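Dumped my_file_37.cif below, it's mmCIF, C-alpha atoms:
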```cif
data_work
loop_
_atom_site.label_atom_id
_atom_site.label_comp_id
_atom_site.auth_asym_id
_atom_site.auth_seq_id
_atom_site.Cartn_x
_atom_site.Cartn_y
_atom_site.Cartn_z
CA MET A 323 -178.97 -71.81 66.59
CA TYR A 324 -176.86 -74.55 68.05
CA ALA A 325 -173.85 -73.83 70.20
CA VAL A 326 -170.68 -75.06 68.52
CA SER A 327 -169.35 -76.43 71.80
CA ASP A 328 -172.64 -78.05 72.79
CA ARG A 329 -173.32 -80.99 70.51
CA ASN A 330 -176.29 -82.07 72.67
CA ALA A 331 -178.16 -78.98 71.45
CA TYR A 332 -177.13 -79.55 67.86
CA PRO A 333 -179.67 -82.08 66.47
CA SER A 334 -182.92 -80.24 67.30
CA GLU A 335 -181.58 -76.86 66.16
CA ARG A 336 -180.18 -78.29 62.98
CA GLU A 337 -183.48 -80.01 62.27
CA ALA A 338 -185.19 -76.60 62.34
CA VAL A 339 -182.85 -75.37 59.59
CA GLN A 340 -183.34 -78.58 57.65
CA ARG A 341 -187.12 -78.15 57.75
CA LEU A 342 -186.73 -74.64 56.37
CA ALA A 343 -184.01 -75.43 53.83
CA PRO A 344 -183.94 -79.15 53.00
CA GLN A 345 -181.82 -80.56 50.22
CA PRO A 346 -183.80 -79.93 47.01
CA ARG A 347 -184.73 -83.11 45.15
CA ASN A 348 -185.79 -81.49 41.88
CA ILE A 349 -185.67 -78.16 40.05
CA ARG A 350 -188.95 -76.96 41.53
CA GLU A 351 -187.66 -77.38 45.09
CA THR A 352 -184.63 -75.16 44.37
CA GLY A 353 -186.97 -72.17 44.10
CA LEU A 354 -185.26 -71.22 40.82
CA ALA A 355 -186.49 -71.32 37.23
CA ASP A 356 -185.28 -74.11 34.96
CA ASN A 357 -184.02 -71.58 32.38
CA PHE A 358 -182.06 -69.75 35.07
CA LEU A 359 -180.38 -72.99 36.22
CA GLY A 360 -179.81 -74.06 32.63
CA ASP A 361 -178.01 -70.79 31.88
CA LEU A 362 -175.89 -71.20 35.03
CA VAL A 363 -174.82 -74.72 34.03
CA CYS A 364 -173.95 -73.45 30.54
CA LYS A 365 -171.81 -70.69 32.07
CA HIS A 366 -169.93 -73.26 34.16
CA LEU A 367 -169.31 -75.46 31.11
CA HIS A 368 -168.21 -72.39 29.12
CA ASP A 369 -165.80 -71.53 31.94
CA ALA A 370 -164.38 -75.02 32.47
CA GLY A 371 -164.71 -76.58 29.01
CA VAL A 372 -165.81 -80.08 30.03
CA LEU A 373 -167.22 -81.22 33.38
CA ASP A 374 -168.41 -84.50 34.83
CA MET A 375 -171.15 -84.93 37.41
CA PRO A 376 -168.93 -84.77 40.56
CA ARG A 377 -167.41 -81.48 39.37
CA LEU A 378 -170.84 -80.05 38.53
CA VAL A 379 -172.13 -81.02 41.98
CA GLU A 380 -169.13 -79.33 43.58
CA ARG A 381 -169.45 -76.17 41.49
CA LEU A 382 -173.20 -75.65 41.74
CA ALA A 383 -173.79 -77.02 45.29
CA LEU A 384 -176.77 -79.02 44.04
CA THR A 385 -177.49 -82.73 44.29
CA GLY A 386 -176.97 -85.13 41.45
CA ALA A 387 -180.74 -85.62 41.19
CA VAL A 388 -181.32 -81.93 40.49
CA LEU A 389 -178.42 -81.73 38.06
CA ASP A 390 -179.65 -84.82 36.21
CA GLU A 391 -182.91 -82.97 35.60
CA ILE A 392 -181.12 -79.81 34.41
CA LEU A 393 -178.76 -81.75 32.15
CA ALA A 394 -181.64 -83.71 30.63
CA PHE A 395 -183.42 -80.42 29.90
CA LEU A 396 -180.27 -78.99 28.26
CA ARG A 397 -179.61 -82.14 26.22
CA LYS A 398 -183.19 -82.16 24.95
CA ASP A 399 -182.77 -78.51 23.95
CA GLY A 400 -179.52 -79.29 22.12
CA ARG A 401 -177.30 -77.11 24.32
CA ILE A 402 -175.01 -79.80 25.77
CA GLU A 403 -173.63 -83.10 24.60
CA VAL A 404 -172.17 -86.17 26.31
CA LEU A 405 -168.45 -86.55 25.62
CA GLY A 406 -167.82 -89.99 27.11
CA GLN A 407 -166.81 -91.13 30.57
CA THR A 408 -163.93 -90.34 32.93
CA GLY A 409 -162.19 -93.43 34.24
CA GLY A 410 -165.02 -95.56 32.94
CA GLN A 411 -167.51 -94.07 35.44
CA ALA A 412 -168.79 -90.47 35.34
CA LEU A 413 -170.15 -89.01 32.10
CA ARG A 414 -168.50 -85.86 30.80
CA TYR A 415 -170.55 -82.95 29.46
CA GLY A 416 -169.66 -80.17 27.08
CA LEU A 417 -171.45 -77.36 25.25
CA THR A 418 -172.75 -77.53 21.70
CA GLU A 419 -172.55 -74.45 19.48
CA ARG A 420 -176.04 -73.55 20.61
CA GLY A 421 -174.96 -74.02 24.22
CA ARG A 422 -171.97 -71.72 23.74
CA ALA A 423 -174.28 -69.05 22.35
CA THR A 424 -176.52 -69.49 25.39
CA ALA A 425 -173.52 -69.13 27.73
CA ARG A 426 -172.30 -65.96 25.98
CA ASP A 427 -175.77 -64.44 26.14
CA ALA A 428 -176.12 -65.38 29.85
CA LEU A 429 -172.68 -63.92 30.66
CA SER A 430 -173.60 -60.66 28.92
CA ARG A 431 -176.46 -60.33 31.43
CA SER A 432 -174.71 -61.66 34.55
CA GLY A 433 -171.08 -62.51 35.19
CA TYR A 434 -171.96 -64.78 38.14
CA ILE A 435 -170.41 -68.26 37.87
CA GLY A 436 -170.73 -69.99 41.22
CA ALA A 437 -172.98 -72.10 43.38
CA ALA A 438 -176.67 -71.97 42.57
CA PRO A 439 -178.11 -69.02 44.49
CA PHE A 440 -180.60 -69.35 47.33
CA PRO A 441 -184.03 -67.78 46.61
CA VAL A 442 -184.53 -64.46 48.40
CA SER A 443 -187.90 -65.50 49.85
CA ALA A 444 -186.31 -68.46 51.64
CA TYR A 445 -183.37 -66.26 52.70
CA ARG A 446 -185.74 -63.87 54.48
CA SER A 447 -187.13 -66.78 56.49
CA LEU A 448 -183.63 -68.06 57.23
CA LEU A 449 -182.48 -64.69 58.59
CA THR A 450 -185.55 -64.45 60.81
CA MET A 451 -185.09 -67.97 62.17
CA GLN A 452 -181.39 -67.40 62.94
CA THR A 453 -182.02 -64.04 64.61
CA ILE A 454 -179.33 -62.69 66.91
CA HIS A 455 -182.02 -60.96 68.97
CA HIS A 456 -182.95 -64.01 71.01
CA GLY A 457 -182.48 -62.25 74.36
CA SER A 458 -180.41 -64.98 75.98
CA VAL A 459 -177.47 -62.89 77.26
CA THR A 460 -177.12 -63.24 81.02
CA ALA A 461 -174.73 -61.90 83.64
CA ARG A 462 -173.07 -65.32 83.64
CA ASN A 463 -172.58 -65.13 79.86
CA MET A 464 -171.05 -61.67 80.15
CA HIS A 465 -168.54 -62.69 82.82
CA ALA A 466 -167.55 -65.78 80.81
CA ALA A 467 -167.08 -63.78 77.58
CA PHE A 468 -165.01 -61.10 79.33
CA GLN A 469 -163.04 -63.29 81.67
CA GLY A 470 -159.59 -61.77 82.14
CA VAL A 471 -160.66 -58.41 80.69
CA VAL A 472 -160.34 -55.41 82.99
CA LEU A 473 -163.84 -53.95 82.86
CA SER A 474 -166.01 -52.67 85.70
CA GLU A 475 -168.99 -54.73 86.89
CA ASN A 476 -171.28 -51.83 86.12
CA MET A 477 -170.08 -51.58 82.51
CA LEU A 478 -170.45 -55.34 82.05
CA ASP A 479 -174.07 -55.13 83.18
CA GLN A 480 -174.77 -52.13 80.95
CA LEU A 481 -173.37 -53.96 77.93
CA GLY A 482 -175.30 -57.14 78.73
CA VAL A 483 -178.63 -55.36 79.02
CA ALA A 484 -177.92 -53.41 75.82
CA MET A 485 -177.13 -56.62 73.93
CA ASN A 486 -180.44 -58.15 75.01
CA SER A 487 -182.44 -55.10 74.01
CA GLY A 488 -182.12 -55.58 70.26
CA ARG A 489 -181.47 -51.86 69.88
CA ALA A 490 -178.44 -50.11 68.45
CA ILE A 491 -175.61 -49.23 70.85
CA MET A 492 -173.31 -46.21 70.92
CA ILE A 493 -170.00 -46.57 72.74
CA TYR A 494 -168.15 -43.31 73.24
CA GLY A 495 -165.17 -42.02 75.16
CA PRO A 496 -161.54 -40.94 74.76
CA ALA A 497 -159.19 -42.72 72.36
CA GLY A 498 -157.47 -45.79 73.73
CA THR A 499 -160.10 -46.63 76.36
CA GLY A 500 -160.84 -50.04 74.84
CA LYS A 501 -164.01 -49.30 72.89
CA THR A 502 -163.08 -51.27 69.78
CA TYR A 503 -161.54 -54.14 71.73
CA ILE A 504 -164.57 -54.53 74.00
CA SER A 505 -167.17 -54.16 71.25
CA SER A 506 -165.44 -56.70 68.99
CA ARG A 507 -165.38 -59.17 71.87
CA LEU A 508 -169.18 -59.01 72.18
CA ILE A 509 -169.52 -61.63 69.44
CA ARG A 510 -168.25 -64.19 71.99
CA LEU A 511 -171.66 -63.99 73.63
CA PHE A 512 -173.03 -65.89 70.65
CA ALA A 513 -171.04 -69.12 70.38
CA GLU A 514 -173.41 -70.37 67.72
CA ALA A 515 -173.46 -71.39 64.11
CA VAL A 516 -175.56 -69.85 61.35
CA TRP A 517 -176.10 -70.89 57.75
CA VAL A 518 -174.99 -68.43 55.08
CA PRO A 519 -175.79 -68.77 51.36
CA TYR A 520 -173.12 -68.45 48.73
CA ALA A 521 -175.46 -66.05 46.96
CA ILE A 522 -179.14 -65.13 46.76
CA ALA A 523 -181.35 -64.70 43.71
CA VAL A 524 -183.63 -61.66 43.46
CA ASN A 525 -185.54 -62.45 40.28
CA GLU A 526 -182.72 -62.71 37.69
CA SER A 527 -180.15 -60.79 39.77
CA VAL A 528 -177.63 -62.78 41.81
CA ILE A 529 -176.15 -61.08 44.89
CA GLU A 530 -173.07 -62.68 46.41
CA ILE A 531 -173.40 -63.01 50.21
CA TYR A 532 -170.67 -65.36 51.41
CA ASP A 533 -167.39 -63.54 52.00
CA PRO A 534 -164.46 -65.60 53.36
CA GLN A 535 -163.08 -62.44 54.98
CA VAL A 536 -166.27 -62.12 57.03
CA HIS A 537 -167.70 -65.61 57.34
CA GLN A 538 -165.64 -68.20 59.18
CA ARG A 539 -166.72 -71.63 58.02
CA LEU A 540 -167.39 -74.50 60.39
CA GLU A 541 -167.47 -78.17 59.54
CA ASP A 542 -171.00 -79.47 59.47
CA ILE A 543 -170.31 -83.11 60.29
CA THR A 544 -173.78 -84.25 59.29
CA GLN A 545 -173.54 -83.05 55.70
CA THR A 546 -172.81 -85.68 53.08
CA ASN A 547 -171.08 -85.62 49.72
CA LYS A 548 -173.05 -88.44 48.10
CA LEU A 549 -174.26 -87.28 44.71
CA LEU A 550 -177.80 -88.57 44.90
CA MET A 551 -178.43 -87.97 48.59
CA ASP A 552 -181.50 -85.75 49.04
CA GLU A 553 -181.33 -85.44 52.82
CA GLY A 554 -179.66 -82.83 54.98
CA ILE A 555 -179.47 -79.05 54.75
CA ASP A 556 -179.40 -77.41 51.34
CA ARG A 557 -175.79 -77.43 50.08
CA ARG A 558 -176.20 -73.86 48.88
CA LEU A 559 -175.87 -72.88 52.54
CA LEU A 560 -172.56 -72.83 54.42
CA CYS A 561 -172.27 -73.50 58.15
CA CYS A 562 -170.40 -70.51 59.66
CA LYS A 563 -169.78 -68.69 62.92
CA ARG A 564 -171.95 -65.67 63.53
CA PRO A 565 -170.27 -62.89 61.54
CA ILE A 566 -168.69 -59.71 62.78
CA VAL A 567 -167.94 -56.76 60.49
CA ILE A 568 -165.79 -53.87 61.75
CA THR A 569 -165.37 -50.80 59.58
CA GLY A 570 -163.82 -47.43 60.36
CA GLY A 571 -162.91 -44.21 58.62
CA GLU A 572 -162.72 -45.98 55.25
CA LEU A 573 -166.49 -46.60 55.23
CA SER A 574 -168.40 -45.00 52.35
CA MET A 575 -172.11 -44.83 51.60
CA GLU A 576 -171.59 -47.04 48.53
CA GLN A 577 -170.58 -49.91 50.81
CA LEU A 578 -173.99 -49.77 52.50
CA ASP A 579 -175.96 -50.61 49.36
CA ILE A 580 -175.80 -53.33 46.76
CA ARG A 581 -172.90 -52.62 44.43
CA TYR A 582 -173.00 -53.54 40.76
CA ASP A 583 -169.77 -53.83 38.80
CA PRO A 584 -170.57 -53.15 35.11
CA PHE A 585 -167.33 -54.79 33.99
CA SER A 586 -167.73 -58.12 35.83
CA ARG A 587 -171.54 -57.78 35.80
CA LEU A 588 -171.63 -58.93 39.43
CA TYR A 589 -173.66 -57.74 42.41
CA GLN A 590 -171.91 -57.50 45.79
CA ALA A 591 -173.82 -57.49 49.06
CA PRO A 592 -173.49 -54.42 51.30
CA LEU A 593 -171.58 -54.72 54.56
CA GLN A 594 -174.66 -54.87 56.76
CA LEU A 595 -176.07 -57.76 54.74
CA LYS A 596 -172.83 -59.70 55.15
CA ALA A 597 -173.11 -59.01 58.90
CA SER A 598 -176.66 -60.40 59.06
CA ASN A 599 -177.37 -62.49 62.18
CA GLY A 600 -174.17 -61.05 63.67
CA LEU A 601 -172.46 -57.84 64.75
CA PHE A 602 -171.77 -54.70 62.70
CA ILE A 603 -169.39 -52.23 64.35
CA ILE A 604 -168.91 -48.76 62.87
CA ASP A 605 -165.64 -47.67 64.47
CA ASP A 606 -164.25 -44.12 64.57
CA MET A 607 -167.73 -42.72 64.03
CA GLY A 608 -167.44 -39.18 62.71
CA ARG A 609 -164.21 -39.89 60.79
CA GLN A 610 -165.93 -41.31 57.69
CA ARG A 611 -165.91 -39.71 54.27
CA MET A 612 -169.53 -38.59 54.62
CA ALA A 613 -171.10 -36.28 57.21
CA PRO A 614 -172.11 -38.07 60.45
CA ALA A 615 -175.74 -37.02 59.96
CA GLU A 616 -175.78 -38.63 56.51
CA LEU A 617 -174.43 -41.90 57.85
CA LEU A 618 -176.73 -41.94 60.86
CA ASN A 619 -179.77 -41.14 58.73
CA ARG A 620 -178.99 -44.26 56.68
CA TRP A 621 -179.93 -46.35 59.72
CA ILE A 622 -183.20 -44.70 60.83
CA VAL A 623 -185.56 -47.04 58.98
CA PRO A 624 -183.55 -50.26 59.57
CA MET A 625 -183.22 -49.52 63.31
CA GLU A 626 -186.90 -48.74 63.79
CA GLU A 627 -188.53 -51.22 61.42
CA LYS A 628 -185.96 -54.05 61.53
CA ARG A 629 -185.90 -54.19 57.75
CA ASP A 630 -183.63 -52.74 55.11
CA PHE A 631 -184.44 -51.61 51.58
CA LEU A 632 -181.61 -52.22 49.14
CA ASN A 633 -181.33 -50.66 45.71
CA LEU A 634 -180.70 -52.99 42.77
CA GLY A 635 -180.68 -50.18 40.20
CA GLY A 636 -183.17 -49.47 37.46
CA GLY A 637 -185.84 -48.65 40.02
CA ARG A 638 -185.68 -52.11 41.56
CA HIS A 639 -185.51 -52.58 45.33
CA CYS A 640 -185.19 -55.55 47.62
CA GLU A 641 -186.52 -55.67 51.19
CA LEU A 642 -184.63 -57.87 53.67
CA PRO A 643 -184.70 -58.32 57.46
CA PHE A 644 -182.27 -56.06 59.30
CA ASP A 645 -181.11 -58.67 61.79
CA LEU A 646 -177.87 -57.65 63.45
CA ILE A 647 -176.55 -55.75 66.42
CA LEU A 648 -175.43 -52.32 65.26
CA VAL A 649 -172.67 -50.71 67.34
CA PHE A 650 -171.39 -47.16 66.85
CA SER A 651 -168.02 -46.39 68.44
CA THR A 652 -166.62 -42.88 68.61
CA ASN A 653 -164.00 -40.70 70.29
CA LEU A 654 -166.20 -37.65 69.72
CA ASN A 655 -168.97 -36.18 71.82
CA PRO A 656 -172.17 -37.90 70.57
CA LEU A 657 -173.95 -34.53 70.60
CA GLU A 658 -171.47 -33.39 67.92
CA LEU A 659 -172.59 -36.29 65.71
CA ALA A 660 -176.36 -36.12 66.03
CA ASP A 661 -179.12 -34.27 67.81
CA GLU A 662 -180.85 -35.64 70.90
CA ALA A 663 -183.86 -36.79 68.88
CA PHE A 664 -181.72 -39.14 66.82
CA LEU A 665 -179.66 -40.31 69.77
CA ARG A 666 -182.88 -41.40 71.48
CA ARG A 667 -183.45 -43.81 68.59
CA ILE A 668 -180.14 -45.54 69.33
CA GLY A 669 -181.26 -46.36 72.85
CA TYR A 670 -178.06 -47.30 74.68
CA LYS A 671 -175.16 -44.87 75.03
CA LEU A 672 -172.25 -46.29 77.03
CA HIS A 673 -169.40 -44.05 78.16
CA PHE A 674 -165.90 -45.53 78.36
CA SER A 675 -163.65 -43.48 80.63
CA TYR A 676 -160.05 -43.57 81.83
CA LEU A 677 -158.79 -46.19 84.30
CA GLN A 678 -158.41 -46.08 88.02
CA PRO A 679 -154.87 -46.92 89.32
CA GLU A 680 -155.96 -50.39 90.51
CA GLU A 681 -157.43 -51.17 87.08
CA TYR A 682 -154.22 -49.98 85.40
CA GLU A 683 -152.23 -52.27 87.70
CA ARG A 684 -154.34 -55.30 86.70
CA ILE A 685 -153.66 -54.64 83.02
CA TRP A 686 -149.97 -54.03 83.76
CA ARG A 687 -149.75 -57.42 85.52
CA GLN A 688 -151.44 -59.13 82.57
CA GLU A 689 -148.98 -57.62 80.12
CA ILE A 690 -145.81 -58.42 82.07
CA GLU A 691 -147.04 -61.99 82.50
CA ARG A 692 -147.60 -62.22 78.74
CA LEU A 693 -144.08 -60.88 78.12
CA GLY A 694 -142.51 -63.15 80.74
CA ILE A 695 -141.32 -60.25 82.92
CA ALA A 696 -141.18 -60.44 86.71
CA TYR A 697 -143.58 -58.08 88.48
CA ASP A 698 -141.75 -55.16 90.13
CA PRO A 699 -144.04 -52.96 92.28
CA VAL A 700 -141.31 -50.30 92.53
CA LEU A 701 -141.19 -49.99 88.73
CA LEU A 702 -144.96 -49.70 88.50
CA ARG A 703 -144.98 -47.05 91.24
CA TYR A 704 -142.39 -45.10 89.27
CA VAL A 705 -144.56 -45.29 86.13
CA LEU A 706 -147.73 -44.19 87.94
CA GLN A 707 -146.20 -41.45 90.05
CA GLY A 708 -143.03 -40.41 88.24
CA LEU A 709 -144.54 -40.40 84.78
CA TYR A 710 -148.35 -40.27 84.80
CA GLU A 711 -148.84 -38.00 87.82
CA GLU A 712 -145.86 -35.83 86.93
CA GLN A 713 -147.09 -35.33 83.37
CA GLY A 714 -150.79 -35.16 84.26
CA MET A 715 -151.50 -37.98 81.82
CA PRO A 716 -154.72 -40.06 82.18
CA LEU A 717 -154.50 -43.84 82.61
CA VAL A 718 -155.48 -45.54 79.35
CA PRO A 719 -155.95 -49.34 78.89
CA CYS A 720 -153.67 -49.64 75.85
CA HIS A 721 -150.69 -47.90 77.51
CA PRO A 722 -149.24 -50.84 79.50
CA ARG A 723 -149.03 -53.02 76.40
CA ASP A 724 -147.47 -50.27 74.29
CA LEU A 725 -145.01 -48.92 76.87
CA LEU A 726 -143.79 -52.34 77.98
CA GLY A 727 -143.47 -53.47 74.36
CA MET A 728 -141.38 -50.44 73.44
CA ALA A 729 -139.17 -50.88 76.51
CA ARG A 730 -138.53 -54.48 75.47
CA ASP A 731 -137.77 -53.30 71.91
CA ARG A 732 -135.07 -51.03 73.31
CA GLN A 733 -133.57 -53.83 75.40
CA SER A 734 -133.43 -56.07 72.35
CA TYR A 735 -131.76 -53.37 70.27
CA LEU A 736 -129.09 -52.77 72.93
CA GLY A 737 -128.51 -56.48 73.42
CA GLU A 738 -129.65 -56.25 77.02
CA SER A 739 -131.80 -58.65 79.04
CA GLY A 740 -133.21 -58.96 82.52
CA PRO A 741 -135.71 -56.80 84.41
CA LEU A 742 -136.84 -53.52 82.94
CA SER A 743 -135.55 -50.34 84.57
CA PRO A 744 -137.10 -46.90 85.09
CA ARG A 745 -134.75 -45.69 82.37
CA ASP A 746 -136.26 -48.20 79.91
CA LEU A 747 -139.79 -47.04 80.70
CA GLU A 748 -138.84 -43.37 80.58
CA TRP A 749 -137.29 -43.88 77.15
CA ALA A 750 -140.49 -45.66 75.97
CA TRP A 751 -142.60 -42.84 77.43
CA HIS A 752 -140.76 -40.10 75.54
CA ASN A 753 -140.96 -42.02 72.29
CA TYR A 754 -144.62 -42.94 72.69
CA PHE A 755 -146.13 -39.56 73.46
CA VAL A 756 -145.79 -36.39 71.40
CA GLN A 757 -143.38 -34.07 73.21
CA LEU A 758 -144.97 -30.64 72.84
CA GLU A 759 -141.82 -28.80 73.91
CA SER A 760 -139.97 -30.28 70.93
CA LEU A 761 -142.43 -28.61 68.56
CA GLY A 762 -141.22 -25.14 69.46
#
```
Could you show the structure in this file as structure tokens?
Amino acid sequence: MYAVSDRNAYPSEREAVQRLAPQPRNIRETGLADNFLGDLVCKHLHDAGVLDMPRLVERLALTGAVLDEILAFLRKDGRIEVLGQTGGQALRYGLTERGRATARDALSRSGYIGAAPFPVSAYRSLLTMQTIHHGSVTARNMHAAFQGVVLSENMLDQLGVAMNSGRAIMIYGPAGTGKTYISSRLIRLFAEAVWVPYAIAVNESVIEIYDPQVHQRLEDITQTNKLLMDEGIDRRLLCCKRPIVITGGELSMEQLDIRYDPFSRLYQAPLQLKASNGLFIIDDMGRQRMAPAELLNRWIVPMEEKRDFLNLGGGRHCELPFDLILVFSTNLNPLELADEAFLRRIGYKLHFSYLQPEEYERIWRQEIERLGIAYDPVLLRYVLQGLYEEQGMPLVPCHPRDLLGMARDRQSYLGESGPLSPRDLEWAWHNYFVQLESLG
């Protein structure tokens, strides 16, 4: 897909999406049945009362030409009526008694009231075309994405090769060694846009895909708001950054399958489907509510076959491309989570370890610069030798930020200012780490 910052690459890439998903000019080109669209329009009118054409276009993300065809069908069937014009221009539409009955019946089957869904067959093609496995990560990309991050050259290369492989990645090592921070930054390697549907239609079931907490919208400057314009990319698709989903100990198996709410009668997409064409990070692996083996077994088929089978209930299933980079991050020994046979399926296992003193110093310098503190080599020497060496504590990437921040908190509380002292850092140290002697 096109790079957001590279408008020269934009036209040809966007044209590929437009060929796959052009603006539909009639009901047939939407890929949806006329009765399905008629019911959806009736639900919108039942929800809003009265709507004119601009509001219908906005609500259903369809062109005026398509809506004219749907409205004509509903008028002929006696389900809607014209209620005059707004401001002498746009016609207003409302439901007849028959239309209200249709809306109630449709709502009893599905509570979805939103943009017209995108057909699942076209969505499969869209996911494949926008694949994140395009193998374009280079050493130059890696250094640009991790500029200013203290990470060894060897680890950068390992991550870059793993990202190009298309296989799942396991990042493991002690707590605080930067696993979550580094893995979440991997999305910077893909400064591209993808198109995400509001929802998809699997037969009569509508599954909501777009999630504003996951999908960051971008302005597609070539889209138009003219009602009768039948050019451009299908308005049922939103231009977004490649998504990243990070989940930790709160993850449950229910979140990895389509969820149906019997009260709202709505289907919600699982987390991995929302992360399609992006990055899905399972943090704190081994701390979830289910056994690690159960969670890992969920991914065997998707990882090997690059497709996922989702359960719609009632014996119905939906097959979709499994197009994302799956990252497992854990503080535990991977051999405690799975046997060697399963770990071989993951492919790349990257070990994050503690820092060397020179790496710790680089992070320390970054943090004091961020806080506006003058660099004092004597203070740093005291921290490394008088605290870390004395206590036998390993050097962890998150420590400089936390210790310096707590020392500044103390200064602020005491009304003090100026350079930090060994006393400030010692106070922060004793409040940051558990003091075993105080536990008796």
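Relative to CA of Leu342 in chain A, CA of Thr450 in chain A is found at 11.2 Å.
Within 10 Å of the point (-183.1, -55.4, 76.0) in file coordinates, and counting all atoms listed in the file, lie the residues His455, His456, Gly457, Ser458, Val459, Gly482, Val483, Ala484, Met485, Asn486, Ser487, Gly488, Arg489, Gly669 and Tyr670 of chain A.
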Exercise for the section: Report the residues retrieved by the PyMOL selection byres ((chain A and resi 393) around 10) from the displayed file, expressed as a PyMOL selection string. Expected result: chain A and resi 359-360+363-364+375+388-392+394-399+401-404+415
Which residues, named as in the file, does the PyMOL selection byres ((chain A and resi 599) around 12) pick out? Answer as a CSV table (one decimal) with C-alpha atoms, keeping the file's coordinate frame.
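Writing the result to part.csv gives the following:
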```
chain,number,residue,atom,x,y,z
A,323,MET,CA,-179.0,-71.8,66.6
A,445,TYR,CA,-183.4,-66.3,52.7
A,446,ARG,CA,-185.7,-63.9,54.5
A,448,LEU,CA,-183.6,-68.1,57.2
A,449,LEU,CA,-182.5,-64.7,58.6
A,450,THR,CA,-185.6,-64.4,60.8
A,451,MET,CA,-185.1,-68.0,62.2
A,452,GLN,CA,-181.4,-67.4,62.9
A,453,THR,CA,-182.0,-64.0,64.6
A,454,ILE,CA,-179.3,-62.7,66.9
A,455,HIS,CA,-182.0,-61.0,69.0
A,456,HIS,CA,-183.0,-64.0,71.0
A,488,GLY,CA,-182.1,-55.6,70.3
A,509,ILE,CA,-169.5,-61.6,69.4
A,512,PHE,CA,-173.0,-65.9,70.6
A,514,GLU,CA,-173.4,-70.4,67.7
A,515,ALA,CA,-173.5,-71.4,64.1
A,516,VAL,CA,-175.6,-69.8,61.4
A,517,TRP,CA,-176.1,-70.9,57.8
A,518,VAL,CA,-175.0,-68.4,55.1
A,537,HIS,CA,-167.7,-65.6,57.3
A,562,CYS,CA,-170.4,-70.5,59.7
A,563,LYS,CA,-169.8,-68.7,62.9
A,564,ARG,CA,-172.0,-65.7,63.5
A,565,PRO,CA,-170.3,-62.9,61.5
A,566,ILE,CA,-168.7,-59.7,62.8
A,567,VAL,CA,-167.9,-56.8,60.5
A,594,GLN,CA,-174.7,-54.9,56.8
A,595,LEU,CA,-176.1,-57.8,54.7
A,596,LYS,CA,-172.8,-59.7,55.2
A,597,ALA,CA,-173.1,-59.0,58.9
A,598,SER,CA,-176.7,-60.4,59.1
A,600,GLY,CA,-174.2,-61.0,63.7
A,601,LEU,CA,-172.5,-57.8,64.8
A,602,PHE,CA,-171.8,-54.7,62.7
A,643,PRO,CA,-184.7,-58.3,57.5
A,644,PHE,CA,-182.3,-56.1,59.3
A,645,ASP,CA,-181.1,-58.7,61.8
A,646,LEU,CA,-177.9,-57.6,63.4
A,647,ILE,CA,-176.6,-55.8,66.4
A,648,LEU,CA,-175.4,-52.3,65.3
```
Handout entry: Resolved residues for the PyMOL selection byres ((chain A and resi 677-687) around 9) as a ChimeraX atom specification
Key = /A:471-474,499,675-676,688-692,697,702,706,716-723,726
Handout entry: 8 Å contact set for Asp479 in chain A, all atoms listed in the file, chain neighbours under 4 positions out, as a PyMOL selection string
Key = chain A and resi 461+464+475+483
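Between Ser430 in chain A and the candidates A:His639, A:Arg703, A:His366, A:Arg587, the tightest atom-to-atom separation, counting only C-alpha atoms, involves A:Arg587.
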Practice task
Find the residues around Ile603 in chain A up to 8 Å (all atoms listed in the file counted), leave out those fewer than 3 positions away in its own chain, and share them as a list in words.
Solution key: Ser505, Ser506, Ile566, Val567, Ile568, Thr569, Leu648, Val649, Phe650 and Ser651 of chain A
Take range 508-513 of chain A, bring it up to N, CA, C and O atoms, and give me the output as an mmCIF file, in the coordinates of the input.
```cif
data_model
loop_
_atom_site.group_PDB
_atom_site.id
_atom_site.type_symbol
_atom_site.label_atom_id
_atom_site.label_comp_id
_atom_site.auth_asym_id
_atom_site.auth_seq_id
_atom_site.Cartn_x
_atom_site.Cartn_y
_atom_site.Cartn_z
ATOM 1 N N LEU A 508 -167.779 -58.710 71.910
ATOM 2 C CA LEU A 508 -169.180 -59.010 72.180
ATOM 3 C C LEU A 508 -169.680 -60.215 71.402
ATOM 4 O O LEU A 508 -170.625 -60.886 71.820
ATOM 5 N N ILE A 509 -169.082 -60.499 70.249
ATOM 6 C CA ILE A 509 -169.520 -61.630 69.440
ATOM 7 C C ILE A 509 -169.337 -62.945 70.194
ATOM 8 O O ILE A 509 -169.994 -63.947 69.887
ATOM 9 N N ARG A 510 -168.460 -62.966 71.208
ATOM 10 C CA ARG A 510 -168.250 -64.190 71.990
ATOM 11 C C ARG A 510 -169.487 -64.584 72.777
ATOM 12 O O ARG A 510 -169.571 -65.707 73.268
ATOM 13 N N LEU A 511 -170.418 -63.666 72.932
ATOM 14 C CA LEU A 511 -171.660 -63.990 73.630
ATOM 15 C C LEU A 511 -172.537 -64.924 72.814
ATOM 16 O O LEU A 511 -173.486 -65.504 73.334
ATOM 17 N N PHE A 512 -172.209 -65.083 71.542
ATOM 18 C CA PHE A 512 -173.030 -65.890 70.650
ATOM 19 C C PHE A 512 -172.183 -67.000 70.038
ATOM 20 O O PHE A 512 -171.785 -66.924 68.890
ATOM 21 N N ALA A 513 -171.875 -68.003 70.846
ATOM 22 C CA ALA A 513 -171.040 -69.120 70.380
ATOM 23 C C ALA A 513 -171.915 -70.087 69.600
ATOM 24 O O ALA A 513 -172.131 -71.225 69.997
#
```
